[in-house]
Amino acid sequence: MDRRVFMKSGAMALVTMGLSPSFLRRTAYGAELLRGAATGGNARGKTLICLFQRGAADALNVVVPHGEAAYYRLRPNIAIPRPTLTAGQTGAIDLDGFFGLHPSLAPMKPLWDQGLLAPVHAVGSPSNTRSHFDAQDYMETGTPDQKGTHDGWLNRYLAVRGTCEAGCAHDAARPFRAVAMTPQTPRILEGPEATIAMNSLEEFSVRASGPAVERLEALYRTGSADVVHAAGGEMFEAVKILRAANPRQYTPRNGAEYPATQFGQRLKQIAQLIKADIGLEVAFADVGGWDTHVNQGAATGQLALRLDDFARSIAALVADLGDRMGDVTILTMSEFGRTVRQNGSGGTDHGHASALFVIGGDVKGKKVHGRWPGLEPEQLYEGRDLALTTDFRTVFSEVAAKQLGAKKLDVLFPGFAGGERSWLGVL
């Protein structure tokens with residue numbers, strides 16, 4: 001094969017294996033961030049797992065305000081019944097006398113009881129957009145209403161927070177520092193820093209092997225100072241690490257049973273990577289199906305089925321990791337909430353504020369964080385939605401700082417004036 005043609009096809013092969021294009025380049029922007037970055041790094045081996053519920057999950061039926069009378073007036077058919085001890089009835093799982101969990105979230109109630117679960121209510125983006133695409137983009141870039149942001153806030157974290165002093169090359173040897181269990185690199189991880197996106201560990205291992213890669217490795221070994229040489233070492237190191245982890249032989253611990261769903265299996269593989277001790281610092285997965293305009297259901301139905309998968313997958317991940325949860329924090333998110341009043345199709349429409357969960361060994365659990373705004377007509381946003389009382393950047397910045405040791409929060413969330421004084425104390 002002609003060398004120039006091979007160079008081009010080899011580079012494309014790296015991209016299609018799920019490696020971020022940043023394996024093929026190091027921009028001046030990324031180098032500058034590294035030179036002026038924060039001090040130190042993830043010395044304690046902390047890991048942040050971000051889980052995105054795409055489609056706008058209905059916060060009011062996820063973390064149920066069963067102590068709010070207006071909730072039942074505005075949702076006569078889809079409200080989750082109040083907690084009850086009556087046999088045969090399914091109500092909210094009470095947390096604190098006012099809030100409860102949707103009954104399908106029962107697998108997460110032990111996490112609350114153990115102090116590992118901290119829900120945050122009335123949280124979201126200050127943007128008033130009701131566009132899924134825009135709202136997800138703003139949440140992943142960390143810059144509400146700014147469409148010109150080119151990188152995600154987690155990639156900016158990777159750039160300004162290394163595992164050693166700024167400018168060193170230590171992180172180059174950690175190709176699995178940031179992994180997304182998604183077909184393409186998600187917006188939150190886009191940017192100049194190296195990341196990996198893949199559907200599954202086994203698929204990555206299979207695709208990143210064979211004669212084509214062997215030829216590419218042979219070219220890399222020649223010492224040629226070209227683009228493939230610059231990236232090849234990282235890619236081949238990633239393949240070796242993954243093979244050593246032996247994903248096909250993995251057995252969950254502590255009786256963990258992951259659902260056989262795509263989401264459940266992706267969380268299982270995140271657990272594999274964490275326990276393989278390969279330097280995983282940031283993991284990401286998403287799950288769709290939360291856009292419940294029609295036939296949303298209440299204690300049973302469409303939303304209940306989605307929450308069942310969500311809860312069982314997270315509960316299995318926590319059980320599987322066991323005492324490693326002392327070094328792991330799970331952060332869930334959804335682009336916005338849904339209307340307080342049910343619509344004529346037995347569902348809910350695009351809303352404003354939402355709810356999220358922070359889960360982990362260092363979490364200040366057994367408390368629903370955030371200020372509750374109420375659901376009376378004068379308390380609603382634009383007369384229809386749960387009002388926002390906590391900017392999502394307040395929670396994200398606290399988690400980034402306390403879990404990952406991030407210092408340059410003005411780089412992670414440019415233009416956000418909240419700062420440490422706005423933190424809720426979830427960690």
# chains A, B, ... in the order shown; residues from 1 in each chain; ligands from 1
>>> residues_around(residues="Leu105 in chain A", least_positions_apart="4", cutoff="12 Å", atoms="only C-alpha atoms", output="PyMOL selection string")
chain A and resi 61-64+91-95+100-101+109-112+117+299-300+303-315+357
>>> write_last_selection(atoms="N, CA and C atoms", output="CSV table (one decimal), in the first residue's frame")
chain,number,residue,atom,x,y,z
A,61,ASN,N,-42.2,13.2,39.1
A,61,ASN,CA,-42.6,11.8,39.3
A,61,ASN,C,-41.4,11.0,39.6
A,62,VAL,N,-40.2,11.6,39.6
A,62,VAL,CA,-39.0,10.9,40.0
A,62,VAL,C,-38.7,11.1,41.5
A,63,VAL,N,-38.6,12.3,41.8
A,63,VAL,CA,-38.5,12.7,43.3
A,63,VAL,C,-39.8,13.4,43.6
A,64,VAL,N,-40.7,12.6,44.2
A,64,VAL,CA,-42.1,13.0,44.3
A,64,VAL,C,-42.4,13.9,45.5
A,91,GLY,N,-47.4,3.3,46.3
A,91,GLY,CA,-47.3,4.8,46.4
A,91,GLY,C,-45.8,5.1,46.4
A,92,ALA,N,-45.6,6.4,46.5
A,92,ALA,CA,-44.2,6.9,46.6
A,92,ALA,C,-43.5,6.3,47.8
A,93,ILE,N,-42.2,6.1,47.7
A,93,ILE,CA,-41.3,5.6,48.7
A,93,ILE,C,-40.9,6.8,49.5
A,94,ASP,N,-41.4,7.0,50.7
A,94,ASP,CA,-41.1,8.2,51.5
A,94,ASP,C,-39.6,8.3,51.9
A,95,LEU,N,-39.1,9.6,51.8
A,95,LEU,CA,-37.8,9.9,52.1
A,95,LEU,C,-37.7,10.7,53.4
A,100,GLY,N,-40.6,11.8,48.2
A,100,GLY,CA,-40.4,10.4,48.1
A,100,GLY,C,-39.9,10.0,46.7
A,101,LEU,N,-39.5,8.8,46.6
A,101,LEU,CA,-39.0,8.3,45.3
A,101,LEU,C,-40.2,7.6,44.5
A,109,LYS,N,-33.5,3.0,47.2
A,109,LYS,CA,-33.9,3.4,48.6
A,109,LYS,C,-32.8,2.9,49.6
A,110,PRO,N,-32.2,1.7,49.4
A,110,PRO,CA,-31.1,1.3,50.4
A,110,PRO,C,-29.9,2.3,50.3
A,111,LEU,N,-29.7,2.9,49.1
A,111,LEU,CA,-28.6,3.9,49.0
A,111,LEU,C,-28.9,5.1,49.9
A,112,TRP,N,-30.2,5.5,49.9
A,112,TRP,CA,-30.6,6.6,50.8
A,112,TRP,C,-30.4,6.2,52.2
A,117,LEU,N,-27.0,8.5,49.0
A,117,LEU,CA,-27.9,9.1,47.9
A,117,LEU,C,-28.3,10.5,48.3
A,299,ALA,N,-47.6,5.1,38.8
A,299,ALA,CA,-46.7,4.1,39.4
A,299,ALA,C,-46.4,3.0,38.5
A,300,THR,N,-47.1,2.8,37.4
A,300,THR,CA,-46.8,1.9,36.4
A,300,THR,C,-46.9,2.6,35.0
A,303,LEU,N,-43.0,5.6,32.0
A,303,LEU,CA,-41.9,6.2,32.8
A,303,LEU,C,-41.4,5.2,33.9
A,304,ALA,N,-42.4,4.4,34.5
A,304,ALA,CA,-42.0,3.4,35.5
A,304,ALA,C,-41.0,2.4,34.9
A,305,LEU,N,-41.2,2.0,33.7
A,305,LEU,CA,-40.3,1.0,33.1
A,305,LEU,C,-39.0,1.6,32.9
A,306,ARG,N,-38.9,2.8,32.5
A,306,ARG,CA,-37.6,3.5,32.3
A,306,ARG,C,-36.9,3.6,33.6
A,307,LEU,N,-37.6,4.0,34.6
A,307,LEU,CA,-37.0,4.2,35.9
A,307,LEU,C,-36.5,2.9,36.6
A,308,ASP,N,-37.2,1.8,36.3
A,308,ASP,CA,-36.8,0.5,36.8
A,308,ASP,C,-35.5,0.1,36.2
A,309,ASP,N,-35.2,0.3,35.0
A,309,ASP,CA,-33.9,0.0,34.4
A,309,ASP,C,-32.9,0.9,35.0
A,310,PHE,N,-33.2,2.2,35.1
A,310,PHE,CA,-32.3,3.2,35.6
A,310,PHE,C,-31.8,2.8,37.1
A,311,ALA,N,-32.8,2.5,37.9
A,311,ALA,CA,-32.5,2.2,39.3
A,311,ALA,C,-31.8,0.9,39.5
A,312,ARG,N,-32.2,-0.1,38.8
A,312,ARG,CA,-31.6,-1.4,39.0
A,312,ARG,C,-30.1,-1.4,38.5
A,313,SER,N,-29.9,-0.6,37.4
A,313,SER,CA,-28.5,-0.5,36.8
A,313,SER,C,-27.6,0.2,37.8
A,314,ILE,N,-28.1,1.3,38.4
A,314,ILE,CA,-27.3,2.1,39.3
A,314,ILE,C,-27.0,1.3,40.6
A,315,ALA,N,-28.1,0.6,41.1
A,315,ALA,CA,-27.9,-0.2,42.3
A,315,ALA,C,-26.9,-1.3,42.1
A,357,PHE,N,-29.4,13.2,40.8
A,357,PHE,CA,-28.9,12.5,42.0
A,357,PHE,C,-27.4,12.6,42.0
>>> closest_atom_pairs(of="range 298-333 of chain A", to="range 361-373 of chain A", cutoff="8 Å", atoms="only C-alpha atoms", output="JSON lines")
{"residue": "A:Met325", "atom": "CA", "partner": "A:Gly361", "partner_atom": "CA", "distance": 5.3}
{"residue": "A:Gly326", "atom": "CA", "partner": "A:Gly361", "partner_atom": "CA", "distance": 4.2}
{"residue": "A:Asp327", "atom": "CA", "partner": "A:Gly361", "partner_atom": "CA", "distance": 6.9}
{"residue": "A:Val328", "atom": "CA", "partner": "A:Gly361", "partner_atom": "CA", "distance": 6.9}
{"residue": "A:Thr329", "atom": "CA", "partner": "A:Gly361", "partner_atom": "CA", "distance": 7.2}
>>> write_last_selection(atoms="C-alpha atoms", output="short mmCIF file (atom, residue, chain, number, x, y, z; two decimals), in the first residue's frame")
data_model
loop_
_atom_site.label_atom_id
_atom_site.label_comp_id
_atom_site.auth_asym_id
_atom_site.auth_seq_id
_atom_site.Cartn_x
_atom_site.Cartn_y
_atom_site.Cartn_z
CA MET A 325 -17.57 3.61 46.22
CA GLY A 326 -15.48 5.53 48.73
CA ASP A 327 -13.56 6.85 45.72
CA VAL A 328 -16.46 7.07 43.27
CA THR A 329 -19.18 9.67 42.78
#
>>> residues_around(residues="Leu267 in chain A", least_positions_apart="2", cutoff="12 Å", atoms="only C-alpha atoms", output="number ranges by chain")
A: 49-51, 179-182, 199-201, 252, 256-265, 269-274, 283-287, 309-321, 330
>>> residues_around(residues="Ala56 in chain A", least_positions_apart="3", cutoff="10 Å", atoms="only C-alpha atoms", output="list in words")
Phe52, Gln53, Ala59, Arg130, His132, Ala135, Gln136, Gly288, Gly289, Trp290, Asp291, Thr292, Met333, Ser334, Glu335, Phe336, Gly337, Arg338, Asp349, His350, Gly351, His352, Ala353 and Ser354 of chain A
>>> closest_residue(among="A:Gly115, A:Asp151, A:His102, A:Glu202", to="Ile78 in chain A", atoms="only C-alpha atoms")
A:His102
>>> closest_residue(among="A:Thr129, A:Leu409, A:Asp323, A:Thr394", to="Arg421 in chain A", atoms="only C-alpha atoms")
A:Thr394
>>> residues_around(residues="Ala69 in chain A", least_positions_apart="4", cutoff="12 Å", atoms="only C-alpha atoms", output="list in words")
Val64, Pro65, Arg73, Leu74, Arg75, Pro76, Ala79, Pro81, Arg82, Phe98, Gly374, Leu375 and Glu376 of chain A
>>> closest_residue(among="A:Gly344, A:Leu386, A:Leu427, A:Arg393", to="Leu116 in chain A", atoms="only C-alpha atoms")
A:Leu427
>>> atom_distance(atom1="CA of Trp153 in chain A", atom2="CA of Thr348 in chain A")
29.8 Å
>>> atom_distance(atom1="CA of Leu154 in chain A", atom2="CA of Ala57 in chain A")
22.1 Å
